[in-house]
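Heads up, structure08.txt below (compact mmCIF, N, CA and C atoms):
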# COMPACT_ATOMS: atom_id res chain seq x y z
N MET A 49 0.84 -1.18 0.00
CA MET A 49 0.00 0.00 0.00
C MET A 49 0.88 1.25 0.00
N GLN A 50 0.55 2.15 -0.86
CA GLN A 50 1.33 3.38 -1.00
C GLN A 50 0.93 4.38 0.07
N THR A 51 1.93 4.94 0.77
CA THR A 51 1.64 5.94 1.79
C THR A 51 1.45 7.30 1.13
N ASN A 52 0.94 8.25 1.92
CA ASN A 52 0.76 9.61 1.42
C ASN A 52 2.11 10.20 1.00
N THR A 53 3.16 9.92 1.77
CA THR A 53 4.49 10.42 1.43
C THR A 53 4.96 9.83 0.11
N ASP A 54 4.72 8.53 -0.09
CA ASP A 54 5.09 7.89 -1.36
C ASP A 54 4.37 8.55 -2.53
N LYS A 55 3.09 8.84 -2.35
CA LYS A 55 2.31 9.48 -3.40
C LYS A 55 2.83 10.89 -3.69
N GLN A 56 3.19 11.61 -2.62
CA GLN A 56 3.74 12.96 -2.79
C GLN A 56 5.05 12.91 -3.55
N LEU A 57 5.93 11.99 -3.19
CA LEU A 57 7.21 11.88 -3.87
C LEU A 57 7.03 11.47 -5.33
N GLU A 58 6.12 10.54 -5.57
CA GLU A 58 5.85 10.12 -6.94
C GLU A 58 5.36 11.31 -7.78
N ARG A 59 4.45 12.09 -7.22
CA ARG A 59 3.93 13.26 -7.93
C ARG A 59 5.02 14.30 -8.13
N CYS A 60 5.89 14.48 -7.14
CA CYS A 60 7.00 15.43 -7.24
C CYS A 60 7.91 15.06 -8.41
N PHE A 61 8.28 13.79 -8.49
CA PHE A 61 9.15 13.35 -9.59
C PHE A 61 8.43 13.42 -10.94
N GLU A 62 7.13 13.19 -10.93
CA GLU A 62 6.35 13.31 -12.16
C GLU A 62 6.39 14.76 -12.67
N LEU A 63 6.19 15.70 -11.75
CA LEU A 63 6.23 17.12 -12.13
C LEU A 63 7.63 17.55 -12.56
N LEU A 64 8.66 17.05 -11.89
CA LEU A 64 10.03 17.37 -12.29
C LEU A 64 10.30 16.86 -13.71
N ALA A 65 9.83 15.66 -14.00
CA ALA A 65 10.02 15.10 -15.35
C ALA A 65 9.23 15.91 -16.37
N ASP A 66 8.00 16.28 -16.02
CA ASP A 66 7.18 17.09 -16.93
C ASP A 66 7.85 18.42 -17.23
N ARG A 67 8.48 18.99 -16.22
CA ARG A 67 9.15 20.29 -16.38
C ARG A 67 10.26 20.22 -17.42
N GLU A 68 10.87 19.05 -17.57
CA GLU A 68 11.93 18.90 -18.57
C GLU A 68 11.37 18.91 -19.99
N GLY A 69 10.08 18.60 -20.13
CA GLY A 69 9.46 18.61 -21.44
C GLY A 69 8.94 19.97 -21.85
N GLY A 70 8.90 20.89 -20.92
CA GLY A 70 8.40 22.23 -21.20
C GLY A 70 7.91 22.87 -19.93
N PRO A 71 7.56 24.14 -20.01
CA PRO A 71 7.15 24.84 -18.79
C PRO A 71 5.89 24.23 -18.17
N LEU A 72 5.85 24.24 -16.86
CA LEU A 72 4.66 23.79 -16.14
C LEU A 72 3.63 24.91 -16.10
N SER A 73 2.39 24.54 -15.91
CA SER A 73 1.34 25.55 -15.71
C SER A 73 1.59 26.21 -14.35
N VAL A 74 0.95 27.32 -14.12
CA VAL A 74 1.09 28.02 -12.84
C VAL A 74 0.68 27.10 -11.69
N GLU A 75 -0.40 26.35 -11.89
CA GLU A 75 -0.88 25.43 -10.85
C GLU A 75 0.11 24.30 -10.60
N GLU A 76 0.65 23.74 -11.68
CA GLU A 76 1.63 22.66 -11.54
C GLU A 76 2.89 23.16 -10.85
N GLN A 77 3.36 24.36 -11.20
CA GLN A 77 4.56 24.90 -10.57
C GLN A 77 4.33 25.14 -9.08
N ALA A 78 3.14 25.63 -8.73
CA ALA A 78 2.80 25.84 -7.32
C ALA A 78 2.78 24.51 -6.57
N GLU A 79 2.22 23.48 -7.21
CA GLU A 79 2.20 22.15 -6.59
C GLU A 79 3.62 21.62 -6.42
N LEU A 80 4.44 21.79 -7.45
CA LEU A 80 5.83 21.33 -7.35
C LEU A 80 6.57 22.07 -6.24
N ASP A 81 6.40 23.38 -6.17
CA ASP A 81 7.05 24.16 -5.12
C ASP A 81 6.63 23.67 -3.73
N ARG A 82 5.34 23.39 -3.57
CA ARG A 82 4.83 22.89 -2.29
C ARG A 82 5.43 21.53 -1.95
N LEU A 83 5.48 20.64 -2.94
CA LEU A 83 6.03 19.30 -2.70
C LEU A 83 7.53 19.36 -2.39
N LEU A 84 8.25 20.22 -3.09
CA LEU A 84 9.69 20.36 -2.81
C LEU A 84 9.93 20.91 -1.42
N ALA A 85 9.06 21.81 -0.96
CA ALA A 85 9.18 22.35 0.40
C ALA A 85 8.92 21.26 1.43
N LEU A 86 7.98 20.36 1.13
CA LEU A 86 7.67 19.25 2.05
C LEU A 86 8.75 18.18 2.06
N HIS A 87 9.50 18.09 0.94
CA HIS A 87 10.50 17.02 0.79
C HIS A 87 11.85 17.62 0.38
N PRO A 88 12.54 18.26 1.31
CA PRO A 88 13.82 18.89 0.97
C PRO A 88 14.89 17.89 0.54
N GLU A 89 14.66 16.61 0.76
CA GLU A 89 15.64 15.60 0.34
C GLU A 89 15.63 15.39 -1.17
N VAL A 90 14.60 15.88 -1.84
CA VAL A 90 14.49 15.73 -3.29
C VAL A 90 15.38 16.77 -3.97
N ASP A 91 16.23 16.31 -4.86
CA ASP A 91 17.10 17.19 -5.64
C ASP A 91 16.30 17.70 -6.82
N ALA A 92 15.92 18.97 -6.78
CA ALA A 92 15.05 19.56 -7.79
C ALA A 92 15.69 19.57 -9.18
N GLU A 93 16.99 19.45 -9.26
CA GLU A 93 17.68 19.48 -10.55
C GLU A 93 18.03 18.08 -11.06
N SER A 94 17.60 17.05 -10.34
CA SER A 94 17.98 15.68 -10.72
C SER A 94 17.46 15.28 -12.09
N MET A 95 16.24 15.67 -12.41
CA MET A 95 15.68 15.31 -13.72
C MET A 95 16.40 16.04 -14.84
N GLU A 96 16.79 17.27 -14.57
CA GLU A 96 17.52 18.04 -15.59
C GLU A 96 18.85 17.37 -15.91
N ARG A 97 19.55 16.93 -14.86
CA ARG A 97 20.83 16.23 -15.08
C ARG A 97 20.60 14.90 -15.77
N ALA A 98 19.54 14.19 -15.40
CA ALA A 98 19.24 12.91 -16.04
C ALA A 98 18.91 13.10 -17.52
N ALA A 99 18.15 14.16 -17.82
CA ALA A 99 17.81 14.44 -19.23
C ALA A 99 19.06 14.77 -20.02
N ALA A 100 19.97 15.55 -19.43
CA ALA A 100 21.21 15.90 -20.12
C ALA A 100 22.07 14.66 -20.34
N ALA A 101 22.15 13.79 -19.32
CA ALA A 101 22.93 12.56 -19.45
C ALA A 101 22.35 11.65 -20.52
N ALA A 102 21.01 11.55 -20.55
CA ALA A 102 20.36 10.72 -21.57
C ALA A 102 20.61 11.27 -22.97
N ALA A 103 20.53 12.59 -23.09
CA ALA A 103 20.77 13.21 -24.40
C ALA A 103 22.20 12.94 -24.87
N LEU A 104 23.14 13.03 -23.96
CA LEU A 104 24.53 12.76 -24.33
C LEU A 104 24.74 11.30 -24.68
N ALA A 105 24.09 10.41 -23.94
CA ALA A 105 24.24 8.98 -24.19
C ALA A 105 23.65 8.57 -25.53
N MET A 106 22.61 9.26 -25.95
CA MET A 106 21.95 8.91 -27.20
C MET A 106 22.44 9.74 -28.39
N ALA A 107 23.43 10.57 -28.15
CA ALA A 107 23.93 11.44 -29.22
C ALA A 107 24.53 10.60 -30.35
N THR A 108 24.31 11.07 -31.55
CA THR A 108 24.88 10.43 -32.73
C THR A 108 26.01 11.30 -33.24
N ASP A 109 26.49 10.98 -34.42
CA ASP A 109 27.55 11.79 -35.02
C ASP A 109 27.10 13.23 -35.22
N GLU A 110 25.82 13.41 -35.49
CA GLU A 110 25.29 14.73 -35.69
C GLU A 110 24.59 15.17 -34.41
N MET A 111 25.31 15.89 -33.56
CA MET A 111 24.80 16.28 -32.25
C MET A 111 23.78 17.40 -32.39
N THR A 112 22.72 17.29 -31.60
CA THR A 112 21.73 18.36 -31.50
C THR A 112 22.17 19.25 -30.34
N PRO A 113 22.25 20.55 -30.56
CA PRO A 113 22.69 21.42 -29.47
C PRO A 113 21.72 21.40 -28.30
N LEU A 114 22.29 21.50 -27.10
CA LEU A 114 21.46 21.59 -25.91
C LEU A 114 20.74 22.92 -25.90
N PRO A 115 19.56 22.97 -25.28
CA PRO A 115 18.92 24.27 -25.13
C PRO A 115 19.84 25.22 -24.38
N ALA A 116 19.83 26.50 -24.76
CA ALA A 116 20.76 27.48 -24.20
C ALA A 116 20.70 27.53 -22.68
N GLY A 117 19.51 27.52 -22.11
CA GLY A 117 19.38 27.59 -20.64
C GLY A 117 20.02 26.41 -19.95
N LEU A 118 19.80 25.22 -20.50
CA LEU A 118 20.40 24.02 -19.92
C LEU A 118 21.91 24.06 -20.06
N ARG A 119 22.39 24.44 -21.25
CA ARG A 119 23.84 24.54 -21.48
C ARG A 119 24.47 25.52 -20.49
N ASP A 120 23.84 26.66 -20.29
CA ASP A 120 24.38 27.66 -19.36
C ASP A 120 24.44 27.12 -17.94
N ARG A 121 23.38 26.42 -17.51
CA ARG A 121 23.38 25.87 -16.15
C ARG A 121 24.45 24.79 -15.99
N LEU A 122 24.62 23.96 -17.02
CA LEU A 122 25.66 22.93 -16.94
C LEU A 122 27.05 23.55 -16.90
N GLU A 123 27.27 24.59 -17.70
CA GLU A 123 28.57 25.27 -17.68
C GLU A 123 28.83 25.93 -16.34
N THR A 124 27.80 26.54 -15.75
CA THR A 124 27.94 27.17 -14.44
C THR A 124 28.27 26.12 -13.38
N ALA A 125 27.56 24.99 -13.44
CA ALA A 125 27.83 23.91 -12.49
C ALA A 125 29.24 23.38 -12.65
N ALA A 126 29.70 23.24 -13.89
CA ALA A 126 31.06 22.76 -14.14
C ALA A 126 32.08 23.75 -13.63
N ASP A 127 31.82 25.04 -13.81
CA ASP A 127 32.74 26.06 -13.30
C ASP A 127 32.83 25.99 -11.79
N HIS A 128 31.69 25.79 -11.11
CA HIS A 128 31.71 25.69 -9.65
C HIS A 128 32.47 24.46 -9.19
N VAL A 129 32.28 23.36 -9.89
CA VAL A 129 32.99 22.13 -9.53
C VAL A 129 34.50 22.32 -9.74
N ALA A 130 34.87 23.02 -10.80
CA ALA A 130 36.28 23.24 -11.10
C ALA A 130 36.98 24.02 -10.00
N VAL A 131 36.24 24.90 -9.32
CA VAL A 131 36.86 25.68 -8.24
C VAL A 131 36.49 25.12 -6.87
N GLY A 132 35.81 23.97 -6.85
CA GLY A 132 35.52 23.30 -5.58
C GLY A 132 34.32 23.84 -4.85
N VAL A 133 33.39 24.47 -5.53
CA VAL A 133 32.19 25.00 -4.90
C VAL A 133 31.00 24.22 -5.44
N THR A 134 30.14 23.76 -4.53
CA THR A 134 28.94 23.06 -4.95
C THR A 134 27.88 24.08 -5.30
N PRO A 135 27.30 24.01 -6.51
CA PRO A 135 26.27 24.97 -6.89
C PRO A 135 25.14 25.02 -5.87
N GLY A 136 24.71 26.22 -5.54
CA GLY A 136 23.62 26.40 -4.62
C GLY A 136 24.02 26.35 -3.15
N HIS A 137 25.29 26.23 -2.87
CA HIS A 137 25.76 26.20 -1.48
C HIS A 137 26.78 27.29 -1.26
N ASP A 138 26.77 27.84 -0.05
CA ASP A 138 27.77 28.86 0.32
C ASP A 138 29.13 28.21 0.47
N GLU A 139 30.16 29.03 0.33
CA GLU A 139 31.53 28.52 0.47
C GLU A 139 31.97 28.46 1.93
N ARG A 140 31.08 28.78 2.86
CA ARG A 140 31.46 28.84 4.28
C ARG A 140 32.06 27.59 4.80
Take the structure in this file and express it as structure tokens.
Amino acid sequence: MQTNTDKQLERCFELLADREGGPLSVEEQAELDRLLALHPEVDAESMERAAAAAALAMATDEMTPLPAGLRDRLETAADHVAVGVTPGHDER
């Protein structure tokens, strides 16, 4: 039997996956924000990284460019890793 928490997490991951396919509606984004606040253990960027990894794994000789926003976030994350800073965390 699925618990309420299990259902919330399932819906959270469903919305995160949907967000990778395009913008969420205002209602869906509000629901996602609420679920992420209830479950801080969920990495909100996990689906984005998974989508990027899948795109790279399925790339052929003729690569399709990543969307500019995704490319910029990946480059920023790589820059932070290069200097030893985890994105979204203070250097304290």
Could you please write out, as an MDAnalysis selection string, every residue of chain A that DSSP assigns to alpha helix (DSSP H)? chainID A and resid 52:69 74:86 94:105 116:130
Give the answer as one residue: which of A:Ala65, A:Met49, A:Leu57, A:Ala126 has the shortest atom-to-atom distance to Leu83 in chain A, using only N, CA and C atoms?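 Checking each candidate against Leu83 in chain A, we get A:Leu57 as the closest.
Non-sequential neighbours of Arg97 in chain A (distance at most 12 Å, separation of 2 or more positions within a chain, only C-alpha atoms) are Leu64, Ala65, Glu68, Asp91, Ala92, Glu93, Ser94, Met95, Ala99, Ala100, Ala101, Ala102, Ala103, Leu104, Leu118, Arg119, Arg121, Leu122 and Ala125 of chain A.
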Selection above as a file: N, CA and C atoms, as a tab-separated table (two decimals), in the frame of the given file:
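The resulting file, again.tsv, is reproduced below:
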chain	number	residue	atom	x	y	z
A	64	LEU	N	8.66	17.05	-11.89
A	64	LEU	CA	10.03	17.37	-12.29
A	64	LEU	C	10.30	16.86	-13.71
A	65	ALA	N	9.83	15.66	-14.00
A	65	ALA	CA	10.02	15.10	-15.35
A	65	ALA	C	9.23	15.91	-16.37
A	68	GLU	N	10.87	19.05	-17.57
A	68	GLU	CA	11.93	18.90	-18.57
A	68	GLU	C	11.37	18.91	-19.99
A	91	ASP	N	16.23	16.31	-4.86
A	91	ASP	CA	17.10	17.19	-5.64
A	91	ASP	C	16.30	17.70	-6.82
A	92	ALA	N	15.92	18.97	-6.78
A	92	ALA	CA	15.05	19.56	-7.79
A	92	ALA	C	15.69	19.57	-9.18
A	93	GLU	N	16.99	19.45	-9.26
A	93	GLU	CA	17.68	19.48	-10.55
A	93	GLU	C	18.03	18.08	-11.06
A	94	SER	N	17.60	17.05	-10.34
A	94	SER	CA	17.98	15.68	-10.72
A	94	SER	C	17.46	15.28	-12.09
A	95	MET	N	16.24	15.67	-12.41
A	95	MET	CA	15.68	15.31	-13.72
A	95	MET	C	16.40	16.04	-14.84
A	99	ALA	N	18.15	14.16	-17.82
A	99	ALA	CA	17.81	14.44	-19.23
A	99	ALA	C	19.06	14.77	-20.02
A	100	ALA	N	19.97	15.55	-19.43
A	100	ALA	CA	21.21	15.90	-20.12
A	100	ALA	C	22.07	14.66	-20.34
A	101	ALA	N	22.15	13.79	-19.32
A	101	ALA	CA	22.93	12.56	-19.45
A	101	ALA	C	22.35	11.65	-20.52
A	102	ALA	N	21.01	11.55	-20.55
A	102	ALA	CA	20.36	10.72	-21.57
A	102	ALA	C	20.61	11.27	-22.97
A	103	ALA	N	20.53	12.59	-23.09
A	103	ALA	CA	20.77	13.21	-24.40
A	103	ALA	C	22.20	12.94	-24.87
A	104	LEU	N	23.14	13.03	-23.96
A	104	LEU	CA	24.53	12.76	-24.33
A	104	LEU	C	24.74	11.30	-24.68
A	118	LEU	N	19.80	25.22	-20.50
A	118	LEU	CA	20.40	24.02	-19.92
A	118	LEU	C	21.91	24.06	-20.06
A	119	ARG	N	22.39	24.44	-21.25
A	119	ARG	CA	23.84	24.54	-21.48
A	119	ARG	C	24.47	25.52	-20.49
A	121	ARG	N	23.38	26.42	-17.51
A	121	ARG	CA	23.38	25.87	-16.15
A	121	ARG	C	24.45	24.79	-15.99
A	122	LEU	N	24.62	23.96	-17.02
A	122	LEU	CA	25.66	22.93	-16.94
A	122	LEU	C	27.05	23.55	-16.90
A	125	ALA	N	27.56	24.99	-13.44
A	125	ALA	CA	27.83	23.91	-12.49
A	125	ALA	C	29.24	23.38	-12.65
Around all of range 82-88 of chain A's listed atoms, make the axis-aligned box with 3 Å on each side and tell me centre and edge lengths in Å to one decimal, as JSON.
{"center_x": 9.9, "center_y": 20.2, "center_z": -0.8, "size_x": 16.1, "size_y": 12.4, "size_z": 11.6}
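What separates CA of Leu80 in chain A from CA of Cys60 in chain A is a distance of 6.0 Å.
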Point-to-point distance in Å for CA of Val74 in chain A and CA of Glu62 in chain A: 15.6 Å
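Going from atom N of Glu96 in chain A over to atom N of Asp66 in chain A, you cover 9.0 Å.
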Assuming the input is short of atoms at range 66-89 of chain A, produce N, CA, C and O atoms for that part as a PDB file, in the coordinates of the input.
ATOM      1  N   ASP A  66       8.000  16.280 -16.020  1.00  0.00           N
ATOM      2  CA  ASP A  66       7.180  17.090 -16.930  1.00  0.00           C
ATOM      3  C   ASP A  66       7.850  18.420 -17.230  1.00  0.00           C
ATOM      4  O   ASP A  66       7.791  18.923 -18.348  1.00  0.00           O
ATOM      5  N   ARG A  67       8.480  18.990 -16.220  1.00  0.00           N
ATOM      6  CA  ARG A  67       9.150  20.290 -16.380  1.00  0.00           C
ATOM      7  C   ARG A  67      10.260  20.220 -17.420  1.00  0.00           C
ATOM      8  O   ARG A  67      10.548  21.195 -18.112  1.00  0.00           O
ATOM      9  N   GLU A  68      10.870  19.050 -17.570  1.00  0.00           N
ATOM     10  CA  GLU A  68      11.930  18.900 -18.570  1.00  0.00           C
ATOM     11  C   GLU A  68      11.370  18.910 -19.990  1.00  0.00           C
ATOM     12  O   GLU A  68      12.083  19.202 -20.939  1.00  0.00           O
ATOM     13  N   GLY A  69      10.080  18.600 -20.130  1.00  0.00           N
ATOM     14  CA  GLY A  69       9.460  18.610 -21.440  1.00  0.00           C
ATOM     15  C   GLY A  69       8.940  19.970 -21.850  1.00  0.00           C
ATOM     16  O   GLY A  69       8.579  20.190 -22.997  1.00  0.00           O
ATOM     17  N   GLY A  70       8.900  20.890 -20.920  1.00  0.00           N
ATOM     18  CA  GLY A  70       8.400  22.230 -21.200  1.00  0.00           C
ATOM     19  C   GLY A  70       7.910  22.870 -19.930  1.00  0.00           C
ATOM     20  O   GLY A  70       7.858  22.231 -18.879  1.00  0.00           O
ATOM     21  N   PRO A  71       7.560  24.140 -20.010  1.00  0.00           N
ATOM     22  CA  PRO A  71       7.150  24.840 -18.790  1.00  0.00           C
ATOM     23  C   PRO A  71       5.890  24.230 -18.170  1.00  0.00           C
ATOM     24  O   PRO A  71       5.000  23.767 -18.886  1.00  0.00           O
ATOM     25  N   LEU A  72       5.850  24.240 -16.860  1.00  0.00           N
ATOM     26  CA  LEU A  72       4.660  23.790 -16.140  1.00  0.00           C
ATOM     27  C   LEU A  72       3.630  24.910 -16.100  1.00  0.00           C
ATOM     28  O   LEU A  72       3.982  26.091 -16.209  1.00  0.00           O
ATOM     29  N   SER A  73       2.390  24.540 -15.910  1.00  0.00           N
ATOM     30  CA  SER A  73       1.340  25.550 -15.710  1.00  0.00           C
ATOM     31  C   SER A  73       1.590  26.210 -14.350  1.00  0.00           C
ATOM     32  O   SER A  73       2.359  25.698 -13.519  1.00  0.00           O
ATOM     33  N   VAL A  74       0.950  27.320 -14.120  1.00  0.00           N
ATOM     34  CA  VAL A  74       1.090  28.020 -12.840  1.00  0.00           C
ATOM     35  C   VAL A  74       0.680  27.100 -11.690  1.00  0.00           C
ATOM     36  O   VAL A  74       1.361  27.040 -10.660  1.00  0.00           O
ATOM     37  N   GLU A  75      -0.400  26.350 -11.890  1.00  0.00           N
ATOM     38  CA  GLU A  75      -0.880  25.430 -10.850  1.00  0.00           C
ATOM     39  C   GLU A  75       0.110  24.300 -10.600  1.00  0.00           C
ATOM     40  O   GLU A  75       0.377  23.925  -9.457  1.00  0.00           O
ATOM     41  N   GLU A  76       0.650  23.740 -11.680  1.00  0.00           N
ATOM     42  CA  GLU A  76       1.630  22.660 -11.540  1.00  0.00           C
ATOM     43  C   GLU A  76       2.890  23.160 -10.850  1.00  0.00           C
ATOM     44  O   GLU A  76       3.459  22.465 -10.000  1.00  0.00           O
ATOM     45  N   GLN A  77       3.360  24.360 -11.200  1.00  0.00           N
ATOM     46  CA  GLN A  77       4.560  24.900 -10.570  1.00  0.00           C
ATOM     47  C   GLN A  77       4.330  25.140  -9.080  1.00  0.00           C
ATOM     48  O   GLN A  77       5.191  24.864  -8.261  1.00  0.00           O
ATOM     49  N   ALA A  78       3.140  25.630  -8.730  1.00  0.00           N
ATOM     50  CA  ALA A  78       2.800  25.840  -7.320  1.00  0.00           C
ATOM     51  C   ALA A  78       2.780  24.510  -6.570  1.00  0.00           C
ATOM     52  O   ALA A  78       3.282  24.409  -5.442  1.00  0.00           O
ATOM     53  N   GLU A  79       2.220  23.480  -7.210  1.00  0.00           N
ATOM     54  CA  GLU A  79       2.200  22.150  -6.590  1.00  0.00           C
ATOM     55  C   GLU A  79       3.620  21.620  -6.420  1.00  0.00           C
ATOM     56  O   GLU A  79       3.965  21.077  -5.360  1.00  0.00           O
ATOM     57  N   LEU A  80       4.440  21.790  -7.450  1.00  0.00           N
ATOM     58  CA  LEU A  80       5.830  21.330  -7.350  1.00  0.00           C
ATOM     59  C   LEU A  80       6.570  22.070  -6.240  1.00  0.00           C
ATOM     60  O   LEU A  80       7.280  21.446  -5.444  1.00  0.00           O
ATOM     61  N   ASP A  81       6.400  23.380  -6.170  1.00  0.00           N
ATOM     62  CA  ASP A  81       7.050  24.160  -5.120  1.00  0.00           C
ATOM     63  C   ASP A  81       6.630  23.670  -3.730  1.00  0.00           C
ATOM     64  O   ASP A  81       7.458  23.540  -2.824  1.00  0.00           O
ATOM     65  N   ARG A  82       5.340  23.390  -3.570  1.00  0.00           N
ATOM     66  CA  ARG A  82       4.830  22.890  -2.290  1.00  0.00           C
ATOM     67  C   ARG A  82       5.430  21.530  -1.950  1.00  0.00           C
ATOM     68  O   ARG A  82       5.887  21.286  -0.829  1.00  0.00           O
ATOM     69  N   LEU A  83       5.480  20.640  -2.940  1.00  0.00           N
ATOM     70  CA  LEU A  83       6.030  19.300  -2.700  1.00  0.00           C
ATOM     71  C   LEU A  83       7.530  19.360  -2.390  1.00  0.00           C
ATOM     72  O   LEU A  83       8.020  18.621  -1.531  1.00  0.00           O
ATOM     73  N   LEU A  84       8.250  20.220  -3.090  1.00  0.00           N
ATOM     74  CA  LEU A  84       9.690  20.360  -2.810  1.00  0.00           C
ATOM     75  C   LEU A  84       9.930  20.910  -1.420  1.00  0.00           C
ATOM     76  O   LEU A  84      10.894  20.521  -0.743  1.00  0.00           O
ATOM     77  N   ALA A  85       9.060  21.810  -0.960  1.00  0.00           N
ATOM     78  CA  ALA A  85       9.180  22.350   0.400  1.00  0.00           C
ATOM     79  C   ALA A  85       8.920  21.260   1.430  1.00  0.00           C
ATOM     80  O   ALA A  85       9.558  21.225   2.490  1.00  0.00           O
ATOM     81  N   LEU A  86       7.980  20.360   1.130  1.00  0.00           N
ATOM     82  CA  LEU A  86       7.670  19.250   2.050  1.00  0.00           C
ATOM     83  C   LEU A  86       8.750  18.180   2.060  1.00  0.00           C
ATOM     84  O   LEU A  86       8.889  17.437   3.027  1.00  0.00           O
ATOM     85  N   HIS A  87       9.500  18.090   0.940  1.00  0.00           N
ATOM     86  CA  HIS A  87      10.500  17.020   0.790  1.00  0.00           C
ATOM     87  C   HIS A  87      11.850  17.620   0.380  1.00  0.00           C
ATOM     88  O   HIS A  87      12.263  17.492  -0.781  1.00  0.00           O
ATOM     89  N   PRO A  88      12.540  18.260   1.310  1.00  0.00           N
ATOM     90  CA  PRO A  88      13.820  18.890   0.970  1.00  0.00           C
ATOM     91  C   PRO A  88      14.890  17.890   0.540  1.00  0.00           C
ATOM     92  O   PRO A  88      15.905  18.285  -0.031  1.00  0.00           O
ATOM     93  N   GLU A  89      14.660  16.610   0.760  1.00  0.00           N
ATOM     94  CA  GLU A  89      15.640  15.600   0.340  1.00  0.00           C
ATOM     95  C   GLU A  89      15.630  15.390  -1.170  1.00  0.00           C
ATOM     96  O   GLU A  89      16.549  14.802  -1.726  1.00  0.00           O
TER      97      GLU A  89
END
